[in-house]
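Enquirer: Shown below is the structure under consideration.
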Amino acid sequence: MREPFPDAVSALSRARAIMRDLAEWTAPPWPRVNDITTAEQYAYALGTFATARFGADREPHGVPFLNELRRRGVVTLDAEQLKSYISGEVRLRPDMVDLWPLPEGVSLVLATTPPFGTPGSEPEDVATEDELDRMVSVLGPLSLDVRWDCGWRGLPEFKDCSVLLCLNSVWVPQHVEPSPGEFGVWISLGPRVAWTPEGRTWVGDSGLPLGEPQTGW
């Protein structure tokens with residue numbers, strides 16, 4: 001979409017409006033909150049959320065960082081561990097700000113922290129629209145992408161048709177990457193239709209201010 005969106009709520013509203021106006025059916029949203037990658041995101045998480053998922057390579061930097069989390073009494077390791085990787089839950093506190101930047105090979109993500117998920121959440125879990133609203137309301141500088149599979153009204157093929165919402169992130173060929181302060185809406189007609197005469201006609205008739213086509217998902 002070649003539309004500037006000032007914030008996450010505006011982009012979410014536009015994505016829903018597109019589906020309401022142009023889709024024959026829409027599947028539940030599939031949201032994915034991305035890893036914490038900036039100092040701003042890290043400080044925001046420490047002051048806003050109770051827990052995060054921790055993961056680290058055992059060597060060369062993971063073990064010393066894990067030992068520091070243990071010393072502070074803020075980590076609970078998973079019962080089952082891989083030989084090359086350590087994972088668990090970290091209790092977040094504002095006084096942990098001095099641990100930034102995270103060492104190479106260490107990640108923190110809020111995928112199992114409410115409202116983004118629960119301790120039993122899996123990466124492929126979908127959400128309700130109300131749950132998505134709650135995620136966006138507390139998103140702040142965090143990066144979130146959301147996909148809705150859908151069937152575009154007037155197209156003969158629905159395979160891989162979808163809407164992708166990128167919040168503090170942007171779609172680049174074949175993947176989403178963090179981009180603080182950017183909010184975008186992307187649509188897919190599916191590879192079987194996108195380059196056909198029917199697909200090109202649909203795009204023209206949709207009235208959407210679309211940018212240059214990119215490799216889809």
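Following the order of the structure tokens, chains are lettered A, B, ..., residues in each are numbered from 1, and ligands are numbered from 1.
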Let's see if you can do this: from backbone DSSP, list all alpha helix (DSSP H) residues in region 28-149 of chain A, as a VMD selection string.
Expert: chain A and resid 39 to 48 63 to 72 129 to 137
Enquirer: Store the residues of this selection in a file with C-alpha atoms, as an mmCIF file, in the first residue's frame.
Expert:
```cif
data_model
loop_
_atom_site.group_PDB
_atom_site.id
_atom_site.type_symbol
_atom_site.label_atom_id
_atom_site.label_comp_id
_atom_site.auth_asym_id
_atom_site.auth_seq_id
_atom_site.Cartn_x
_atom_site.Cartn_y
_atom_site.Cartn_z
ATOM 1 C CA ALA A 39 17.272 -0.791 23.205
ATOM 2 C CA GLU A 40 13.912 1.004 22.992
ATOM 3 C CA GLN A 41 12.029 -2.277 22.661
ATOM 4 C CA TYR A 42 14.009 -3.811 25.502
ATOM 5 C CA ALA A 43 13.373 -0.923 27.906
ATOM 6 C CA TYR A 44 9.682 -0.891 26.966
ATOM 7 C CA ALA A 45 9.352 -4.632 27.582
ATOM 8 C CA LEU A 46 11.035 -4.386 30.994
ATOM 9 C CA GLY A 47 8.625 -1.685 32.131
ATOM 10 C CA THR A 48 5.444 -3.101 30.591
ATOM 11 C CA VAL A 63 26.294 -19.473 29.392
ATOM 12 C CA PRO A 64 27.730 -16.309 31.035
ATOM 13 C CA PHE A 65 24.486 -14.439 30.307
ATOM 14 C CA LEU A 66 22.417 -17.306 31.707
ATOM 15 C CA ASN A 67 24.575 -17.335 34.830
ATOM 16 C CA GLU A 68 23.866 -13.630 35.318
ATOM 17 C CA LEU A 69 20.124 -14.235 35.004
ATOM 18 C CA ARG A 70 20.449 -17.008 37.577
ATOM 19 C CA ARG A 71 22.418 -14.754 39.911
ATOM 20 C CA ARG A 72 19.588 -12.234 39.778
ATOM 21 C CA GLU A 129 -9.882 -9.947 16.449
ATOM 22 C CA ASP A 130 -10.437 -8.796 20.051
ATOM 23 C CA GLU A 131 -7.162 -10.422 21.103
ATOM 24 C CA LEU A 132 -5.409 -8.670 18.227
ATOM 25 C CA ASP A 133 -6.830 -5.324 19.367
ATOM 26 C CA ARG A 134 -5.310 -5.901 22.796
ATOM 27 C CA MET A 135 -1.924 -6.725 21.260
ATOM 28 C CA VAL A 136 -1.918 -3.544 19.193
ATOM 29 C CA SER A 137 -3.032 -1.429 22.159
#
```
Enquirer: Identify all residues of region 51-170 of chain A in strand (DSSP E) (DSSP on the backbone) and supply them as a PDB file with N, CA, C and O atoms, in the first residue's frame.
Expert:
```pdb
ATOM      1  N   THR A  51       6.898 -11.145  31.854  1.00  0.00           N
ATOM      2  CA  THR A  51       7.818 -12.217  31.482  1.00  0.00           C
ATOM      3  C   THR A  51       8.154 -12.154  30.008  1.00  0.00           C
ATOM      4  O   THR A  51       7.476 -11.486  29.218  1.00  0.00           O
ATOM      5  N   ALA A  52       9.182 -12.888  29.623  1.00  0.00           N
ATOM      6  CA  ALA A  52       9.543 -13.070  28.217  1.00  0.00           C
ATOM      7  C   ALA A  52      10.184 -14.437  28.065  1.00  0.00           C
ATOM      8  O   ALA A  52      10.658 -15.034  29.038  1.00  0.00           O
ATOM      9  N   ARG A  53      10.200 -14.946  26.835  1.00  0.00           N
ATOM     10  CA  ARG A  53      10.908 -16.175  26.534  1.00  0.00           C
ATOM     11  C   ARG A  53      12.369 -15.857  26.260  1.00  0.00           C
ATOM     12  O   ARG A  53      12.707 -14.918  25.545  1.00  0.00           O
ATOM     13  N   PHE A  54      13.240 -16.664  26.847  1.00  0.00           N
ATOM     14  CA  PHE A  54      14.680 -16.494  26.710  1.00  0.00           C
ATOM     15  C   PHE A  54      15.242 -17.667  25.929  1.00  0.00           C
ATOM     16  O   PHE A  54      14.855 -18.816  26.131  1.00  0.00           O
ATOM     17  N   GLY A  55      16.137 -17.391  25.017  1.00  0.00           N
ATOM     18  CA  GLY A  55      16.816 -18.452  24.297  1.00  0.00           C
ATOM     19  C   GLY A  55      18.251 -18.049  24.039  1.00  0.00           C
ATOM     20  O   GLY A  55      18.542 -16.867  23.828  1.00  0.00           O
ATOM     21  N   ALA A  56      19.168 -19.008  24.071  1.00  0.00           N
ATOM     22  CA  ALA A  56      20.576 -18.671  23.874  1.00  0.00           C
ATOM     23  C   ALA A  56      21.356 -19.885  23.405  1.00  0.00           C
ATOM     24  O   ALA A  56      21.101 -21.011  23.840  1.00  0.00           O
ATOM     25  N   ASP A  57      22.305 -19.641  22.525  1.00  0.00           N
ATOM     26  CA  ASP A  57      23.280 -20.677  22.197  1.00  0.00           C
ATOM     27  C   ASP A  57      24.148 -20.928  23.431  1.00  0.00           C
ATOM     28  O   ASP A  57      24.480 -19.994  24.171  1.00  0.00           O
ATOM     29  N   VAL A  75      15.318 -16.191  36.112  1.00  0.00           N
ATOM     30  CA  VAL A  75      15.138 -17.139  35.017  1.00  0.00           C
ATOM     31  C   VAL A  75      14.671 -18.491  35.541  1.00  0.00           C
ATOM     32  O   VAL A  75      15.091 -18.951  36.604  1.00  0.00           O
ATOM     33  N   THR A  76      13.744 -19.106  34.792  1.00  0.00           N
ATOM     34  CA  THR A  76      13.298 -20.472  35.044  1.00  0.00           C
ATOM     35  C   THR A  76      13.504 -21.244  33.757  1.00  0.00           C
ATOM     36  O   THR A  76      12.866 -20.950  32.737  1.00  0.00           O
ATOM     37  N   LEU A  77      14.398 -22.217  33.773  1.00  0.00           N
ATOM     38  CA  LEU A  77      14.719 -22.953  32.559  1.00  0.00           C
ATOM     39  C   LEU A  77      13.655 -24.003  32.260  1.00  0.00           C
ATOM     40  O   LEU A  77      13.008 -24.540  33.158  1.00  0.00           O
ATOM     41  N   TYR A  85      21.413 -25.502  22.846  1.00  0.00           N
ATOM     42  CA  TYR A  85      20.564 -24.321  23.023  1.00  0.00           C
ATOM     43  C   TYR A  85      19.925 -24.358  24.397  1.00  0.00           C
ATOM     44  O   TYR A  85      19.509 -25.417  24.875  1.00  0.00           O
ATOM     45  N   ILE A  86      19.846 -23.201  25.041  1.00  0.00           N
ATOM     46  CA  ILE A  86      19.234 -23.067  26.360  1.00  0.00           C
ATOM     47  C   ILE A  86      17.969 -22.229  26.203  1.00  0.00           C
ATOM     48  O   ILE A  86      17.979 -21.200  25.517  1.00  0.00           O
ATOM     49  N   SER A  87      16.871 -22.627  26.854  1.00  0.00           N
ATOM     50  CA  SER A  87      15.634 -21.855  26.761  1.00  0.00           C
ATOM     51  C   SER A  87      14.916 -21.843  28.097  1.00  0.00           C
ATOM     52  O   SER A  87      15.095 -22.725  28.936  1.00  0.00           O
ATOM     53  N   GLY A  88      14.093 -20.819  28.288  1.00  0.00           N
ATOM     54  CA  GLY A  88      13.336 -20.708  29.526  1.00  0.00           C
ATOM     55  C   GLY A  88      12.550 -19.417  29.583  1.00  0.00           C
ATOM     56  O   GLY A  88      12.390 -18.717  28.573  1.00  0.00           O
ATOM     57  N   GLU A  89      12.051 -19.110  30.767  1.00  0.00           N
ATOM     58  CA  GLU A  89      11.242 -17.920  30.996  1.00  0.00           C
ATOM     59  C   GLU A  89      12.006 -16.946  31.884  1.00  0.00           C
ATOM     60  O   GLU A  89      12.612 -17.350  32.880  1.00  0.00           O
ATOM     61  N   VAL A  90      11.986 -15.671  31.502  1.00  0.00           N
ATOM     62  CA  VAL A  90      12.659 -14.623  32.269  1.00  0.00           C
ATOM     63  C   VAL A  90      11.610 -13.694  32.857  1.00  0.00           C
ATOM     64  O   VAL A  90      10.713 -13.221  32.145  1.00  0.00           O
ATOM     65  N   ARG A  91      11.715 -13.424  34.145  1.00  0.00           N
ATOM     66  CA  ARG A  91      10.863 -12.422  34.778  1.00  0.00           C
ATOM     67  C   ARG A  91      11.498 -11.049  34.538  1.00  0.00           C
ATOM     68  O   ARG A  91      12.668 -10.827  34.884  1.00  0.00           O
ATOM     69  N   VAL A 106      21.751 -14.569  21.830  1.00  0.00           N
ATOM     70  CA  VAL A 106      20.730 -14.524  22.879  1.00  0.00           C
ATOM     71  C   VAL A 106      19.498 -13.806  22.339  1.00  0.00           C
ATOM     72  O   VAL A 106      19.613 -12.771  21.685  1.00  0.00           O
ATOM     73  N   SER A 107      18.317 -14.345  22.611  1.00  0.00           N
ATOM     74  CA  SER A 107      17.079 -13.719  22.153  1.00  0.00           C
ATOM     75  C   SER A 107      16.069 -13.613  23.284  1.00  0.00           C
ATOM     76  O   SER A 107      16.043 -14.436  24.197  1.00  0.00           O
ATOM     77  N   LEU A 108      15.243 -12.564  23.205  1.00  0.00           N
ATOM     78  CA  LEU A 108      14.083 -12.391  24.081  1.00  0.00           C
ATOM     79  C   LEU A 108      12.871 -12.126  23.192  1.00  0.00           C
ATOM     80  O   LEU A 108      12.939 -11.296  22.287  1.00  0.00           O
ATOM     81  N   VAL A 109      11.780 -12.804  23.469  1.00  0.00           N
ATOM     82  CA  VAL A 109      10.569 -12.601  22.680  1.00  0.00           C
ATOM     83  C   VAL A 109       9.364 -12.720  23.602  1.00  0.00           C
ATOM     84  O   VAL A 109       9.385 -13.468  24.592  1.00  0.00           O
ATOM     85  N   LEU A 144       5.398  -6.359  15.187  1.00  0.00           N
ATOM     86  CA  LEU A 144       4.372  -7.395  15.070  1.00  0.00           C
ATOM     87  C   LEU A 144       3.946  -7.497  13.617  1.00  0.00           C
ATOM     88  O   LEU A 144       3.762  -6.477  12.949  1.00  0.00           O
ATOM     89  N   ASP A 145       3.824  -8.716  13.105  1.00  0.00           N
ATOM     90  CA  ASP A 145       3.196  -8.878  11.796  1.00  0.00           C
ATOM     91  C   ASP A 145       2.011  -9.826  11.934  1.00  0.00           C
ATOM     92  O   ASP A 145       2.016 -10.745  12.750  1.00  0.00           O
ATOM     93  N   VAL A 146       0.971  -9.547  11.149  1.00  0.00           N
ATOM     94  CA  VAL A 146      -0.301 -10.258  11.258  1.00  0.00           C
ATOM     95  C   VAL A 146      -0.743 -10.657   9.861  1.00  0.00           C
ATOM     96  O   VAL A 146      -0.750  -9.832   8.945  1.00  0.00           O
ATOM     97  N   ARG A 147      -1.133 -11.913   9.709  1.00  0.00           N
ATOM     98  CA  ARG A 147      -1.627 -12.382   8.413  1.00  0.00           C
ATOM     99  C   ARG A 147      -3.053 -12.881   8.544  1.00  0.00           C
ATOM    100  O   ARG A 147      -3.385 -13.580   9.505  1.00  0.00           O
ATOM    101  N   TRP A 148      -3.884 -12.493   7.581  1.00  0.00           N
ATOM    102  CA  TRP A 148      -5.219 -13.040   7.424  1.00  0.00           C
ATOM    103  C   TRP A 148      -5.286 -13.746   6.072  1.00  0.00           C
ATOM    104  O   TRP A 148      -5.125 -13.093   5.026  1.00  0.00           O
ATOM    105  N   ASP A 149      -5.527 -15.039   6.039  1.00  0.00           N
ATOM    106  CA  ASP A 149      -5.859 -15.695   4.783  1.00  0.00           C
ATOM    107  C   ASP A 149      -7.270 -15.274   4.400  1.00  0.00           C
ATOM    108  O   ASP A 149      -8.141 -15.087   5.268  1.00  0.00           O
ATOM    109  N   CYS A 150      -7.511 -15.120   3.098  1.00  0.00           N
ATOM    110  CA  CYS A 150      -8.821 -14.643   2.671  1.00  0.00           C
ATOM    111  C   CYS A 150      -9.095 -15.095   1.240  1.00  0.00           C
ATOM    112  O   CYS A 150      -8.211 -15.624   0.554  1.00  0.00           O
ATOM    113  N   GLY A 151     -10.317 -14.879   0.798  1.00  0.00           N
ATOM    114  CA  GLY A 151     -10.684 -15.113  -0.590  1.00  0.00           C
ATOM    115  C   GLY A 151     -11.147 -13.813  -1.201  1.00  0.00           C
ATOM    116  O   GLY A 151     -12.140 -13.233  -0.739  1.00  0.00           O
ATOM    117  N   TRP A 152     -10.420 -13.324  -2.184  1.00  0.00           N
ATOM    118  CA  TRP A 152     -10.783 -12.046  -2.796  1.00  0.00           C
ATOM    119  C   TRP A 152     -12.012 -12.216  -3.683  1.00  0.00           C
ATOM    120  O   TRP A 152     -12.069 -13.095  -4.538  1.00  0.00           O
ATOM    121  N   SER A 162      -4.170 -13.385   0.683  1.00  0.00           N
ATOM    122  CA  SER A 162      -4.077 -12.967   2.085  1.00  0.00           C
ATOM    123  C   SER A 162      -3.779 -11.484   2.194  1.00  0.00           C
ATOM    124  O   SER A 162      -3.454 -10.804   1.219  1.00  0.00           O
ATOM    125  N   VAL A 163      -3.899 -10.990   3.420  1.00  0.00           N
ATOM    126  CA  VAL A 163      -3.501  -9.633   3.808  1.00  0.00           C
ATOM    127  C   VAL A 163      -2.426  -9.770   4.870  1.00  0.00           C
ATOM    128  O   VAL A 163      -2.544 -10.596   5.781  1.00  0.00           O
ATOM    129  N   LEU A 164      -1.381  -8.978   4.743  1.00  0.00           N
ATOM    130  CA  LEU A 164      -0.307  -8.972   5.733  1.00  0.00           C
ATOM    131  C   LEU A 164      -0.174  -7.572   6.302  1.00  0.00           C
ATOM    132  O   LEU A 164      -0.025  -6.597   5.568  1.00  0.00           O
ATOM    133  N   LEU A 165      -0.249  -7.478   7.628  1.00  0.00           N
ATOM    134  CA  LEU A 165      -0.088  -6.210   8.338  1.00  0.00           C
ATOM    135  C   LEU A 165       1.281  -6.195   8.992  1.00  0.00           C
ATOM    136  O   LEU A 165       1.624  -7.109   9.750  1.00  0.00           O
ATOM    137  N   CYS A 166       2.088  -5.185   8.700  1.00  0.00           N
ATOM    138  CA  CYS A 166       3.427  -5.063   9.262  1.00  0.00           C
ATOM    139  C   CYS A 166       3.473  -3.846  10.179  1.00  0.00           C
ATOM    140  O   CYS A 166       3.285  -2.711   9.720  1.00  0.00           O
ATOM    141  N   LEU A 167       3.707  -4.070  11.470  1.00  0.00           N
ATOM    142  CA  LEU A 167       3.724  -3.001  12.462  1.00  0.00           C
ATOM    143  C   LEU A 167       5.133  -2.889  13.039  1.00  0.00           C
ATOM    144  O   LEU A 167       5.663  -3.840  13.586  1.00  0.00           O
ATOM    145  N   ASN A 168       5.719  -1.687  12.892  1.00  0.00           N
ATOM    146  CA  ASN A 168       7.139  -1.485  13.205  1.00  0.00           C
ATOM    147  C   ASN A 168       7.998  -2.498  12.440  1.00  0.00           C
ATOM    148  O   ASN A 168       9.026  -2.976  12.936  1.00  0.00           O
ATOM    149  N   SER A 169       7.555  -2.830  11.243  1.00  0.00           N
ATOM    150  CA  SER A 169       8.276  -3.776  10.388  1.00  0.00           C
ATOM    151  C   SER A 169       7.839  -3.534   8.954  1.00  0.00           C
ATOM    152  O   SER A 169       6.907  -2.776   8.688  1.00  0.00           O
ATOM    153  N   VAL A 170       8.524  -4.171   8.024  1.00  0.00           N
ATOM    154  CA  VAL A 170       8.228  -3.971   6.608  1.00  0.00           C
ATOM    155  C   VAL A 170       8.462  -5.282   5.868  1.00  0.00           C
ATOM    156  O   VAL A 170       9.325  -6.073   6.239  1.00  0.00           O
TER     157      VAL A 170
END
```
Enquirer: Which residues of region 6-45 of chain A sit at most 10 Å from region 202-215 of chain A, using only C-alpha atoms? Give each one's shortest atom pair and distance in Å (one decimal place), in chain and ascending residue order, as CSV.
Expert:
```
residue,atom,partner,partner_atom,distance
A:Ile18,CA,A:Leu208,CA,8.6
A:Asp21,CA,A:Ser206,CA,9.3
A:Leu22,CA,A:Ser206,CA,7.5
```
Enquirer: Write the selection just made, keeping C-alpha atoms, as a compact mmCIF listing (two decimals), in the first residue's frame?
Expert:
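Saved result, result_7.txt, follows:
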```txt
# COMPACT_ATOMS: atom_id res chain seq x y z
CA ILE A 18 -9.76 -3.73 2.77
CA ASP A 21 -14.75 -4.23 1.17
CA LEU A 22 -12.97 -6.71 -1.10
```
Enquirer: Considering only C-alpha atoms, state which residue in the set A:Leu99, A:Met1, A:Ala127, A:Ala79 is at the smallest distance from Pro29 (chain A).
Expert: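 Under the stated criterion, the closest residue is A:Ala127.
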Enquirer: Under the rule that only C-alpha atoms are counted, which of A:Leu82, A:Pro173, A:Arg14, A:Leu155 is the nearest residue to Gly190 (chain A)?
Expert: A:Leu155
Enquirer: I'd like the interatomic distance between CA of Arg153 (chain A) and CA of Ala23 (chain A), to a tenth of an Å.
Expert: 5.1 Å
Enquirer: Select, from A:Ser143, A:Gln174, A:Thr38, A:Thr196, the residue with the minimum atom-to-atom distance to Val97 (chain A), counting only C-alpha atoms.
Expert: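 Result for the nearest residue to Val97 (chain A): A:Thr38.
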Enquirer: Measuring atom to atom with only C-alpha atoms, identify which of A:Cys161, A:Met96, A:Leu142, A:Ala111 is nearest to Glu24 (chain A).
Expert: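 Using only C-alpha atoms, the shortest distance to Glu24 (chain A) belongs to A:Cys161.
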Enquirer: Write out as number ranges by chain the residues lying within 10 Å of Pro156 (chain A), counting only C-alpha atoms and excluding same-chain residues fewer than 2 positions away.
Expert: A: 151-154, 158-159, 192-193, 198-199
